[in-house]
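Everything below belongs to work_36.pdb, which stores PDB, C-alpha atoms, pLDDT in the B column.
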```pdb
ATOM      1  CA  MET A 298      68.287  77.628  86.452  1.00 43.00           C
ATOM      2  CA  PRO A 299      69.079  74.115  87.835  1.00 56.00           C
ATOM      3  CA  SER A 300      70.686  73.149  84.516  1.00 59.00           C
ATOM      4  CA  THR A 301      72.831  76.301  84.607  1.00 59.00           C
ATOM      5  CA  VAL A 302      74.004  75.524  88.155  1.00 67.00           C
ATOM      6  CA  LEU A 303      74.763  71.955  87.113  1.00 74.00           C
ATOM      7  CA  THR A 304      76.823  73.178  84.159  1.00 72.00           C
ATOM      8  CA  VAL A 305      78.819  75.539  86.383  1.00 69.00           C
ATOM      9  CA  LEU A 306      79.484  72.765  88.923  1.00 79.00           C
ATOM     10  CA  LYS A 307      80.581  70.436  86.140  1.00 82.00           C
ATOM     11  CA  GLU A 308      83.081  73.004  84.831  1.00 82.00           C
ATOM     12  CA  ILE A 309      84.415  73.647  88.344  1.00 84.00           C
ATOM     13  CA  ALA A 310      84.924  69.885  88.758  1.00 89.00           C
ATOM     14  CA  ARG A 311      86.894  69.783  85.513  1.00 91.00           C
ATOM     15  CA  LEU A 312      89.056  72.656  86.765  1.00 95.00           C
ATOM     16  CA  VAL A 313      89.829  71.018  90.131  1.00 95.00           C
ATOM     17  CA  PRO A 314      93.247  69.634  88.975  1.00 96.00           C
ATOM     18  CA  PHE A 315      94.223  73.124  87.782  1.00 97.00           C
ATOM     19  CA  LEU A 316      93.089  74.764  91.035  1.00 96.00           C
ATOM     20  CA  LEU A 317      94.897  72.151  93.148  1.00 97.00           C
ATOM     21  CA  SER A 318      98.120  72.609  91.175  1.00 97.00           C
ATOM     22  CA  VAL A 319      97.943  76.375  91.785  1.00 97.00           C
ATOM     23  CA  PHE A 320      97.515  75.730  95.515  1.00 96.00           C
ATOM     24  CA  ILE A 321     100.502  73.314  95.489  1.00 96.00           C
ATOM     25  CA  TYR A 322     102.618  75.910  93.675  1.00 95.00           C
ATOM     26  CA  PHE A 323     101.928  78.545  96.324  1.00 94.00           C
ATOM     27  CA  ALA A 324     102.515  76.044  99.123  1.00 93.00           C
ATOM     28  CA  LEU A 325     105.824  74.588  97.887  1.00 93.00           C
ATOM     29  CA  ALA A 326     107.483  76.890  95.334  1.00 87.00           C
ATOM     30  CA  SER A 327     107.787  79.769  97.788  1.00 81.00           C
ATOM     31  CA  GLN A 328     109.930  77.660 100.147  1.00 85.00           C
ATOM     32  CA  SER A 329     113.627  78.556 100.011  1.00 82.00           C
ATOM     33  CA  SER A 330     114.497  74.846 100.142  1.00 88.00           C
ATOM     34  CA  CYS A 331     112.533  74.124  96.942  1.00 90.00           C
ATOM     35  CA  PRO A 332     115.011  73.160  94.158  1.00 93.00           C
ATOM     36  CA  VAL A 333     114.959  75.158  90.930  1.00 91.00           C
ATOM     37  CA  TRP A 334     113.830  72.229  88.777  1.00 93.00           C
ATOM     38  CA  LEU A 335     110.852  71.557  91.068  1.00 95.00           C
ATOM     39  CA  ARG A 336     109.919  75.232  91.167  1.00 93.00           C
ATOM     40  CA  ALA A 337     110.005  75.363  87.360  1.00 94.00           C
ATOM     41  CA  PHE A 338     107.841  72.238  87.116  1.00 96.00           C
ATOM     42  CA  LEU A 339     105.306  73.527  89.636  1.00 96.00           C
ATOM     43  CA  LYS A 340     105.176  76.887  87.834  1.00 96.00           C
ATOM     44  CA  CYS A 341     104.199  75.399  84.470  1.00 97.00           C
ATOM     45  CA  LEU A 342     102.028  72.548  85.813  1.00 98.00           C
ATOM     46  CA  PRO A 343      98.790  74.607  86.148  1.00 98.00           C
ATOM     47  CA  ILE A 344      99.139  75.787  82.538  1.00 98.00           C
ATOM     48  CA  LEU A 345      99.664  72.232  81.326  1.00 98.00           C
ATOM     49  CA  LEU A 346      96.558  71.199  83.267  1.00 97.00           C
ATOM     50  CA  LEU A 347      94.593  73.945  81.516  1.00 97.00           C
ATOM     51  CA  CYS A 348      95.677  72.297  78.258  1.00 96.00           C
ATOM     52  CA  ALA A 349      94.428  68.976  79.638  1.00 95.00           C
ATOM     53  CA  TYR A 350      91.137  70.668  80.605  1.00 94.00           C
ATOM     54  CA  ILE A 351      90.638  71.783  77.001  1.00 92.00           C
ATOM     55  CA  LEU A 352      91.326  68.258  75.753  1.00 90.00           C
ATOM     56  CA  THR A 353      88.803  66.775  78.210  1.00 88.00           C
ATOM     57  CA  LEU A 354      86.084  68.816  76.513  1.00 85.00           C
ATOM     58  CA  ARG A 355      86.621  66.599  73.439  1.00 78.00           C
ATOM     59  CA  MET A 356      86.342  69.452  70.991  1.00 74.00           C
ATOM     60  CA  ASP A 357      87.144  68.853  67.342  1.00 72.00           C
ATOM     61  CA  LEU A 358      90.347  70.854  66.845  1.00 71.00           C
ATOM     62  CA  HIS A 359      89.684  70.978  63.094  1.00 72.00           C
ATOM     63  CA  THR A 360      86.295  72.706  63.408  1.00 73.00           C
ATOM     64  CA  HIS A 361      86.953  74.612  66.640  1.00 77.00           C
ATOM     65  CA  SER A 362      88.859  77.622  65.319  1.00 83.00           C
ATOM     66  CA  LYS A 363      90.008  78.963  68.701  1.00 90.00           C
ATOM     67  CA  ALA A 364      91.107  75.757  70.446  1.00 90.00           C
ATOM     68  CA  PRO A 365      94.397  75.146  68.521  1.00 92.00           C
ATOM     69  CA  LYS A 366      95.461  78.790  68.956  1.00 95.00           C
ATOM     70  CA  LEU A 367      94.576  78.673  72.648  1.00 96.00           C
ATOM     71  CA  LEU A 368      96.532  75.439  73.144  1.00 96.00           C
ATOM     72  CA  ALA A 369      99.533  76.912  71.333  1.00 97.00           C
ATOM     73  CA  GLY A 370      99.402  80.031  73.507  1.00 98.00           C
ATOM     74  CA  LEU A 371      99.202  77.974  76.693  1.00 98.00           C
ATOM     75  CA  LEU A 372     102.104  75.725  75.652  1.00 98.00           C
ATOM     76  CA  PHE A 373     104.290  78.723  74.807  1.00 98.00           C
ATOM     77  CA  SER A 374     103.345  80.176  78.220  1.00 98.00           C
ATOM     78  CA  ALA A 375     104.355  76.920  79.950  1.00 98.00           C
ATOM     79  CA  VAL A 376     107.778  76.998  78.268  1.00 97.00           C
ATOM     80  CA  GLY A 377     108.105  80.662  79.251  1.00 96.00           C
ATOM     81  CA  ASP A 378     107.302  79.759  82.864  1.00 95.00           C
ATOM     82  CA  VAL A 379     110.116  77.188  82.914  1.00 95.00           C
ATOM     83  CA  LEU A 380     112.662  79.571  81.373  1.00 93.00           C
ATOM     84  CA  ARG A 381     111.738  82.455  83.679  1.00 89.00           C
ATOM     85  CA  SER A 382     112.124  80.168  86.680  1.00 88.00           C
ATOM     86  CA  LEU A 383     115.796  79.566  85.811  1.00 84.00           C
ATOM     87  CA  SER A 384     116.590  83.182  86.785  1.00 69.00           C
ATOM     88  CA  SER A 385     119.405  84.127  84.395  1.00 66.00           C
ATOM     89  CA  GLN A 386     119.409  86.955  81.853  1.00 65.00           C
ATOM     90  CA  PHE A 387     119.771  84.449  79.001  1.00 64.00           C
ATOM     91  CA  HIS A 388     116.784  82.402  80.146  1.00 72.00           C
ATOM     92  CA  LEU A 389     114.832  85.563  81.019  1.00 79.00           C
ATOM     93  CA  LEU A 390     115.110  86.855  77.445  1.00 84.00           C
ATOM     94  CA  HIS A 391     114.115  83.513  75.955  1.00 89.00           C
ATOM     95  CA  GLY A 392     111.292  83.149  78.472  1.00 92.00           C
ATOM     96  CA  ASP A 393     109.912  86.553  77.486  1.00 91.00           C
ATOM     97  CA  SER A 394     110.197  85.476  73.835  1.00 94.00           C
ATOM     98  CA  MET A 395     108.007  82.464  74.582  1.00 96.00           C
ATOM     99  CA  PHE A 396     105.414  84.683  76.256  1.00 97.00           C
ATOM    100  CA  GLY A 397     105.595  87.015  73.257  1.00 96.00           C
ATOM    101  CA  LEU A 398     104.704  84.070  71.011  1.00 97.00           C
ATOM    102  CA  ALA A 399     101.873  83.194  73.404  1.00 98.00           C
ATOM    103  CA  HIS A 400     100.470  86.730  73.043  1.00 98.00           C
ATOM    104  CA  ILE A 401     100.654  86.436  69.247  1.00 98.00           C
ATOM    105  CA  CYS A 402      98.614  83.228  69.478  1.00 97.00           C
ATOM    106  CA  TYR A 403      96.052  84.974  71.696  1.00 98.00           C
ATOM    107  CA  ILE A 404      95.843  87.953  69.301  1.00 97.00           C
ATOM    108  CA  TRP A 405      95.228  85.502  66.466  1.00 96.00           C
ATOM    109  CA  MET A 406      92.642  83.669  68.570  1.00 95.00           C
ATOM    110  CA  PHE A 407      90.651  86.784  69.557  1.00 95.00           C
ATOM    111  CA  GLY A 408      90.730  88.136  65.992  1.00 94.00           C
ATOM    112  CA  LEU A 409      90.035  91.657  64.746  1.00 92.00           C
ATOM    113  CA  LYS A 410      86.236  91.726  65.083  1.00 91.00           C
ATOM    114  CA  PRO A 411      84.872  93.855  66.589  1.00 91.00           C
ATOM    115  CA  LEU A 412      87.671  96.375  66.021  1.00 93.00           C
ATOM    116  CA  ASN A 413      86.622  98.728  68.881  1.00 95.00           C
ATOM    117  CA  LEU A 414      89.061 101.592  68.259  1.00 95.00           C
ATOM    118  CA  LEU A 415      87.843 103.401  71.386  1.00 96.00           C
ATOM    119  CA  ALA A 416      89.068 100.543  73.564  1.00 95.00           C
ATOM    120  CA  GLY A 417      92.316 100.544  71.582  1.00 96.00           C
ATOM    121  CA  VAL A 418      92.912 104.259  72.200  1.00 96.00           C
ATOM    122  CA  PHE A 419      92.063 103.909  75.898  1.00 96.00           C
ATOM    123  CA  LEU A 420      94.505 101.018  76.315  1.00 95.00           C
ATOM    124  CA  LEU A 421      97.138 102.835  74.246  1.00 95.00           C
ATOM    125  CA  ILE A 422      97.070 105.708  76.758  1.00 95.00           C
ATOM    126  CA  ILE A 423      97.484 103.265  79.657  1.00 93.00           C
ATOM    127  CA  GLY A 424     100.246 101.429  77.774  1.00 91.00           C
ATOM    128  CA  THR A 425     102.104 104.694  77.142  1.00 92.00           C
ATOM    129  CA  VAL A 426     102.078 105.510  80.865  1.00 91.00           C
ATOM    130  CA  TYR A 427     103.260 101.957  81.562  1.00 89.00           C
ATOM    131  CA  LEU A 428     106.074 102.339  79.023  1.00 88.00           C
ATOM    132  CA  LEU A 429     107.204 105.709  80.361  1.00 89.00           C
ATOM    133  CA  PHE A 430     107.344 104.331  83.892  1.00 89.00           C
ATOM    134  CA  LEU A 431     109.414 101.296  82.886  1.00 88.00           C
ATOM    135  CA  SER A 432     111.708 103.217  80.529  1.00 85.00           C
ATOM    136  CA  ARG A 433     113.533 104.779  83.482  1.00 82.00           C
ATOM    137  CA  CYS A 434     114.310 101.308  84.822  1.00 84.00           C
ATOM    138  CA  LEU A 435     115.066  99.667  81.464  1.00 80.00           C
ATOM    139  CA  TRP A 436     117.668 102.301  80.623  1.00 77.00           C
ATOM    140  CA  GLU A 437     120.127 100.403  82.821  1.00 74.00           C
ATOM    141  CA  HIS A 438     119.364  97.127  81.011  1.00 71.00           C
ATOM    142  CA  GLN A 439     120.241  98.079  77.452  1.00 70.00           C
ATOM    143  CA  PRO A 440     120.283  94.551  75.921  1.00 67.00           C
ATOM    144  CA  LEU A 441     116.723  93.977  77.138  1.00 74.00           C
ATOM    145  CA  GLN A 442     115.353  97.451  76.454  1.00 81.00           C
ATOM    146  CA  TRP A 443     114.169  97.009  72.864  1.00 83.00           C
ATOM    147  CA  ALA A 444     112.960  93.482  73.532  1.00 85.00           C
ATOM    148  CA  ALA A 445     110.855  94.886  76.387  1.00 86.00           C
ATOM    149  CA  TYR A 446     109.339  97.521  74.083  1.00 87.00           C
ATOM    150  CA  ILE A 447     108.341  94.840  71.555  1.00 92.00           C
ATOM    151  CA  TYR A 448     106.888  92.717  74.356  1.00 93.00           C
ATOM    152  CA  ILE A 449     104.842  95.639  75.693  1.00 92.00           C
ATOM    153  CA  GLY A 450     103.494  96.228  72.192  1.00 94.00           C
ATOM    154  CA  LEU A 451     102.450  92.574  71.895  1.00 96.00           C
ATOM    155  CA  ILE A 452     100.751  92.335  75.270  1.00 96.00           C
ATOM    156  CA  GLY A 453      99.067  95.698  74.684  1.00 95.00           C
ATOM    157  CA  THR A 454      97.654  94.450  71.369  1.00 97.00           C
ATOM    158  CA  MET A 455      96.576  91.220  73.049  1.00 97.00           C
ATOM    159  CA  VAL A 456      94.604  92.973  75.802  1.00 97.00           C
ATOM    160  CA  TRP A 457      93.008  95.259  73.194  1.00 97.00           C
ATOM    161  CA  ARG A 458      91.746  92.277  71.222  1.00 96.00           C
ATOM    162  CA  ALA A 459      90.707  90.437  74.406  1.00 96.00           C
ATOM    163  CA  SER A 460      88.676  93.411  75.660  1.00 96.00           C
ATOM    164  CA  ALA A 461      87.213  94.553  72.320  1.00 94.00           C
ATOM    165  CA  GLY A 462      84.019  92.582  72.891  1.00 92.00           C
ATOM    166  CA  ALA A 463      83.188  94.094  76.291  1.00 93.00           C
ATOM    167  CA  LEU A 464      85.090  97.351  76.896  1.00 92.00           C
ATOM    168  CA  PHE A 465      82.990 100.343  75.767  1.00 91.00           C
ATOM    169  CA  ASN A 466      80.727  97.838  74.024  1.00 87.00           C
ATOM    170  CA  HIS A 467      77.006  97.598  74.861  1.00 85.00           C
ATOM    171  CA  GLN A 468      76.761  94.109  73.321  1.00 84.00           C
ATOM    172  CA  TRP A 469      78.842  92.477  76.011  1.00 85.00           C
ATOM    173  CA  SER A 470      78.371  89.056  77.577  1.00 89.00           C
ATOM    174  CA  TRP A 471      79.857  87.165  80.507  1.00 88.00           C
ATOM    175  CA  VAL A 472      82.092  85.231  78.126  1.00 90.00           C
ATOM    176  CA  LYS A 473      83.431  88.464  76.605  1.00 93.00           C
ATOM    177  CA  LEU A 474      83.861  89.889  80.105  1.00 94.00           C
ATOM    178  CA  PHE A 475      85.970  86.833  81.028  1.00 94.00           C
ATOM    179  CA  ALA A 476      88.272  87.626  78.093  1.00 96.00           C
ATOM    180  CA  THR A 477      88.494  91.291  79.078  1.00 96.00           C
ATOM    181  CA  VAL A 478      89.280  90.636  82.741  1.00 97.00           C
ATOM    182  CA  GLY A 479      91.685  87.836  81.801  1.00 97.00           C
ATOM    183  CA  GLY A 480      93.621  90.051  79.404  1.00 97.00           C
ATOM    184  CA  MET A 481      93.849  92.903  81.909  1.00 97.00           C
ATOM    185  CA  LEU A 482      94.959  90.606  84.730  1.00 97.00           C
ATOM    186  CA  LEU A 483      97.698  89.286  82.448  1.00 97.00           C
ATOM    187  CA  VAL A 484      98.882  92.870  81.997  1.00 95.00           C
ATOM    188  CA  VAL A 485      98.816  93.413  85.778  1.00 94.00           C
ATOM    189  CA  SER A 486     100.867  90.250  86.284  1.00 95.00           C
ATOM    190  CA  ASN A 487     103.434  91.215  83.651  1.00 93.00           C
ATOM    191  CA  PHE A 488     103.658  94.800  84.883  1.00 92.00           C
ATOM    192  CA  THR A 489     104.267  93.658  88.459  1.00 92.00           C
ATOM    193  CA  TYR A 490     106.851  91.144  87.225  1.00 90.00           C
ATOM    194  CA  ALA A 491     108.665  93.811  85.160  1.00 89.00           C
ATOM    195  CA  VAL A 492     108.729  96.260  88.086  1.00 88.00           C
ATOM    196  CA  SER A 493     110.124  93.541  90.341  1.00 87.00           C
ATOM    197  CA  ALA A 494     112.730  92.455  87.773  1.00 82.00           C
ATOM    198  CA  PHE A 495     113.943  95.867  86.561  1.00 83.00           C
ATOM    199  CA  CYS A 496     112.917  98.573  89.047  1.00 85.00           C
ATOM    200  CA  PHE A 497     112.562  97.457  92.650  1.00 84.00           C
ATOM    201  CA  PRO A 498     111.599  94.199  94.379  1.00 83.00           C
ATOM    202  CA  VAL A 499     107.905  93.559  94.864  1.00 79.00           C
ATOM    203  CA  TYR A 500     107.666  91.780  98.191  1.00 70.00           C
ATOM    204  CA  HIS A 501     104.130  90.526  97.631  1.00 68.00           C
ATOM    205  CA  SER A 502     105.287  88.443  94.670  1.00 68.00           C
ATOM    206  CA  GLY A 503     102.254  86.166  95.048  1.00 86.00           C
ATOM    207  CA  VAL A 504     100.318  88.863  93.187  1.00 90.00           C
ATOM    208  CA  ILE A 505     102.300  88.030  90.041  1.00 92.00           C
ATOM    209  CA  ALA A 506     101.427  84.335  90.079  1.00 94.00           C
ATOM    210  CA  ALA A 507      97.847  84.775  91.333  1.00 95.00           C
ATOM    211  CA  THR A 508      96.863  87.282  88.650  1.00 96.00           C
ATOM    212  CA  TYR A 509      98.710  85.230  86.012  1.00 97.00           C
ATOM    213  CA  TYR A 510      96.877  81.978  86.751  1.00 98.00           C
ATOM    214  CA  VAL A 511      93.455  83.633  87.048  1.00 97.00           C
ATOM    215  CA  ALA A 512      94.110  85.437  83.754  1.00 98.00           C
ATOM    216  CA  GLN A 513      95.021  82.241  81.918  1.00 98.00           C
ATOM    217  CA  MET A 514      91.958  80.469  83.330  1.00 96.00           C
ATOM    218  CA  LEU A 515      89.586  83.267  82.283  1.00 96.00           C
ATOM    219  CA  ILE A 516      91.101  83.503  78.796  1.00 97.00           C
ATOM    220  CA  THR A 517      90.723  79.733  78.440  1.00 95.00           C
ATOM    221  CA  LEU A 518      87.077  79.777  79.559  1.00 93.00           C
ATOM    222  CA  SER A 519      86.257  82.722  77.291  1.00 93.00           C
ATOM    223  CA  ALA A 520      87.704  80.980  74.240  1.00 91.00           C
ATOM    224  CA  VAL A 521      86.065  77.637  74.976  1.00 88.00           C
ATOM    225  CA  TYR A 522      82.593  79.016  75.633  1.00 84.00           C
ATOM    226  CA  SER A 523      82.476  81.644  72.895  1.00 79.00           C
ATOM    227  CA  GLU A 524      83.338  79.076  70.260  1.00 53.00           C
ATOM    228  CA  SER A 525      81.149  76.283  71.645  1.00 45.00           C
ATOM    229  CA  ALA A 526      78.039  78.372  71.003  1.00 41.00           C
ATOM    230  CA  VAL A 527      79.085  78.880  67.395  1.00 48.00           C
ATOM    231  CA  VAL A 528      79.684  75.148  66.939  1.00 47.00           C
ATOM    232  CA  LYS A 529      76.214  74.328  68.294  1.00 43.00           C
ATOM    233  CA  ASP A 530      74.592  76.820  65.914  1.00 40.00           C
ATOM    234  CA  ARG A 531      76.388  75.254  62.983  1.00 41.00           C
ATOM    235  CA  ARG A 532      75.025  71.852  63.899  1.00 40.00           C
TER     236      ARG A 532
END
```
Show this structure as structure tokens.
Amino acid sequence: MPSTVLTVLKEIARLVPFLLSVFIYFALASQSSCPVWLRAFLKCLPILLLCAYILTLRMDLHTHSKAPKLLAGLLFSAVGDVLRSLSSQFHLLHGDSMFGLAHICYIWMFGLKPLNLLAGVFLLIIGTVYLLFLSRCLWEHQPLQWAAYIYIGLIGTMVWRASAGALFNHQWSWVKLFATVGGMLLVVSNFTYAVSAFCFPVYHSGVIAATYYVAQMLITLSAVYSESAVVKDRR
């Protein structure tokens, strides 16, 4: 038990820069006087610090199968954060494209085992309701409509693969639960963002950023810990 507590405290210490950057983002980026370039920098800084966290673990990127895919997904997310912060339709579309690439990296990282079709069907039902709700709003944004459908398909596939190890699965673990919760929180963040962008303003916009950062942190921890056990067994 003491060694477990020590391990947890050590990981929290490594995540302190990430947690501080999230706090700074909420403290400064919400100010109306904050310039766009600073807001964009503060938005992507926590994600870049998650990348730095992975590098501090000194994992061998050649033998650690998930780390390169995770890093790629985080970097695409950071670019997407910058583009979304610029608040124009052109940058919005390209920002969503970057997040789409991030989801592809996460799908690749989580893999197709276990398949867990029951979780897939359950999430497909939720995704269909999500799509029907947004379709009424997207009808007025024709250039973005089909891009939004593709994006919803990608993030839906991502959360299916993230949750396959724990959702309706008796052989779950805390690491798999991290992936499941992280994937679902990413959906909550994106859904809230889409409603705010295309339907009606969401005044508690902090929900978007809070769920987004927690999701990225949990996905990162799930990938790092699930693979580290495999590496130790191989040794």
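Atom CA of A:Leu346 is positioned 21.1 Å from atom CA of A:Leu383.
Here the question is which of A:Ala461, A:Leu316, A:Ala444, A:Val376 gets nearest to A:Asn413 using all atoms listed in the file, and that residue is A:Ala461.
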* Taking the file as shown, find all residues satisfying the PyMOL selection byres ((chain A and resi 485) around 12) and write them as a PyMOL selection string. => chain A and resi 423-424+427+449+452-453+456+478-484+486-492+504-512
* Can you turn the PyMOL selection byres ((chain A and resi 434) around 9) into a concrete residue list for this file, as JSON, numbers by chain? => {"A": [430, 431, 432, 433, 435, 436, 437, 438, 492, 495, 496, 497]}
Given the selection you just returned, output its residues as a file containing C-alpha atoms, formatted as a tab-separated table (two decimals), keeping the file's coordinate frame.
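Written out: out_25.tsv:
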```
chain	number	residue	atom	x	y	z
A	430	PHE	CA	107.34	104.33	83.89
A	431	LEU	CA	109.41	101.30	82.89
A	432	SER	CA	111.71	103.22	80.53
A	433	ARG	CA	113.53	104.78	83.48
A	435	LEU	CA	115.07	99.67	81.46
A	436	TRP	CA	117.67	102.30	80.62
A	437	GLU	CA	120.13	100.40	82.82
A	438	HIS	CA	119.36	97.13	81.01
A	492	VAL	CA	108.73	96.26	88.09
A	495	PHE	CA	113.94	95.87	86.56
A	496	CYS	CA	112.92	98.57	89.05
A	497	PHE	CA	112.56	97.46	92.65
```
* Asked: atom CA of A:Leu339 to atom CA of A:Tyr322: how many Å, to one decimal?
  -> 5.4 Å
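The residue set within 7 Å of stretch 406-412 of chain A, counting all atoms listed in the file and dropping same-chain residues fewer than 4 places from it, reads Lys363, Lys366, Leu367, Cys402, Arg458, Ala459, Ala461 and Gly462 of chain A.
The residues caught by the PyMOL selection byres ((chain A and resi 309-313) around 10) in this file are Leu303, Thr304, Val305, Leu306, Lys307, Glu308, Pro314, Phe315, Leu316, Leu317, Ser318, Val319, Pro343, Leu346, Leu347, Ala349, Tyr350, Ile351, Thr353, Leu354 and Met514 of chain A.
Going from atom CA of A:Ala337 to atom CA of A:Leu372 covers 14.1 Å.
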* **Counting all atoms listed in the file, the option among A:Gly450, A:Gly377, A:Gly503, A:Gly392 closest to A:Ile404** => A:Gly450
* Asked: Near A:Asp393, within 9 Å and counting only C-alpha atoms, which residues show up once chain neighbours fewer than 5 positions away are dropped, as number ranges by chain?
  -> A: 377, 380-381, 388, 398, 444-445, 448
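Each of A:Arg355, A:His467, A:Lys473, A:His391 was checked against A:Val379 using all atoms listed in the file; the smallest atom-to-atom distance is that of A:His391.
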* To do: Considering only C-alpha atoms, return as JSON, numbers by chain whatever protein or nucleic-acid residues lie within 12 Å of A:Leu335, sequence-local ones (same chain, fewer than 5 positions apart) excluded.
  => {"A": [321, 322, 325, 326, 327, 328, 329, 330, 340, 341, 342, 379, 382, 383]}
